[in-house]
Amino acid sequence: MSTEFAVTKITHAGITPATGAIDLEGNWFLNTGRCFLYIEGVTGTKEITINSQALCNYGEDHDVKITPSVSTLYLVGPFPKSRFDDAAGKVQITYTAEDDSKIQVIELP
């Protein structure tokens with residue numbers, strides 16, 4: 001069963017990144033349409049996939065796929081609700097392998 005990532009709301013005072021470990025069975029978060037992923041601490045090569053639930057205007061399904069490089073920081077998003085939300089309003093994230101990558105979901109005001 002996949003694990004939830006809590007959503008951290010960014011403020012004018014700022015936030016300290018508080019990343020969570022990935023779950024090889026997948027992760028998800030409740031989407032507001034103003035969320036993005038902060039990904040850090042990658043030590044191995046794997047693919048992170050954010051599942052697109054709807055087809056684009058041209059009828060194609062474009063999942064967001066990231067193959068991070070070692071020790072690189074990534075900021076990915078936002079995720080429009082009409083394209084990325086499943087029936088429960090969640091964005092689904094999957095991985096091809098598990099390592100010590102850390103992810104935080106941050107919501108813009």
# chains A, B, ... in the order shown; residues from 1 in each chain; ligands from 1
>>> select_by_dssp(residues="chain A", states="strand (DSSP E or B)", output="count of residues only")
38
>>> select_by_dssp(residues="chain A", states="alpha helix (DSSP H)", output="ChimeraX atom specification")
/A:81-84
>>> residues_around(residues="A:Thr67", least_positions_apart="3", cutoff="9 Å", atoms="only C-alpha atoms", output="ChimeraX atom specification")
/A:45-49
>>> closest_residue(among="A:Pro109, A:Gln104, A:Gly59, A:Ile93", to="A:Leu24", atoms="only C-alpha atoms")
A:Ile93
>>> residues_around(residues="A:Lys81", least_positions_apart="5", cutoff="7 Å", atoms="only C-alpha atoms", output="ChimeraX atom specification")
/A:31-33
>>> closest_residue(among="A:Val7, A:Ile66, A:Ile39, A:Val76", to="A:Ile103", atoms="only C-alpha atoms")
A:Ile39
>>> residues_around(residues="A:Ile10", least_positions_apart="4", cutoff="9 Å", atoms="only C-alpha atoms", output="PyMOL selection string")
chain A and resi 14-15+106-109
>>> closest_residue(among="A:Glu40, A:Glu60, A:Glu25, A:Glu4", to="A:Tyr95", atoms="only C-alpha atoms")
A:Glu25
>>> residues_around(residues="A:Val64", least_positions_apart="5", cutoff="8 Å", atoms="only C-alpha atoms", output="count of residues only")
4
>>> atom_distance(atom1="atom CA of A:Asp85", atom2="atom CA of A:Trp28")
10.1 Å
>>> closest_residue(among="A:Leu37, A:Leu30, A:Leu73, A:Leu55", to="A:Gly89", atoms="only C-alpha atoms")
A:Leu30
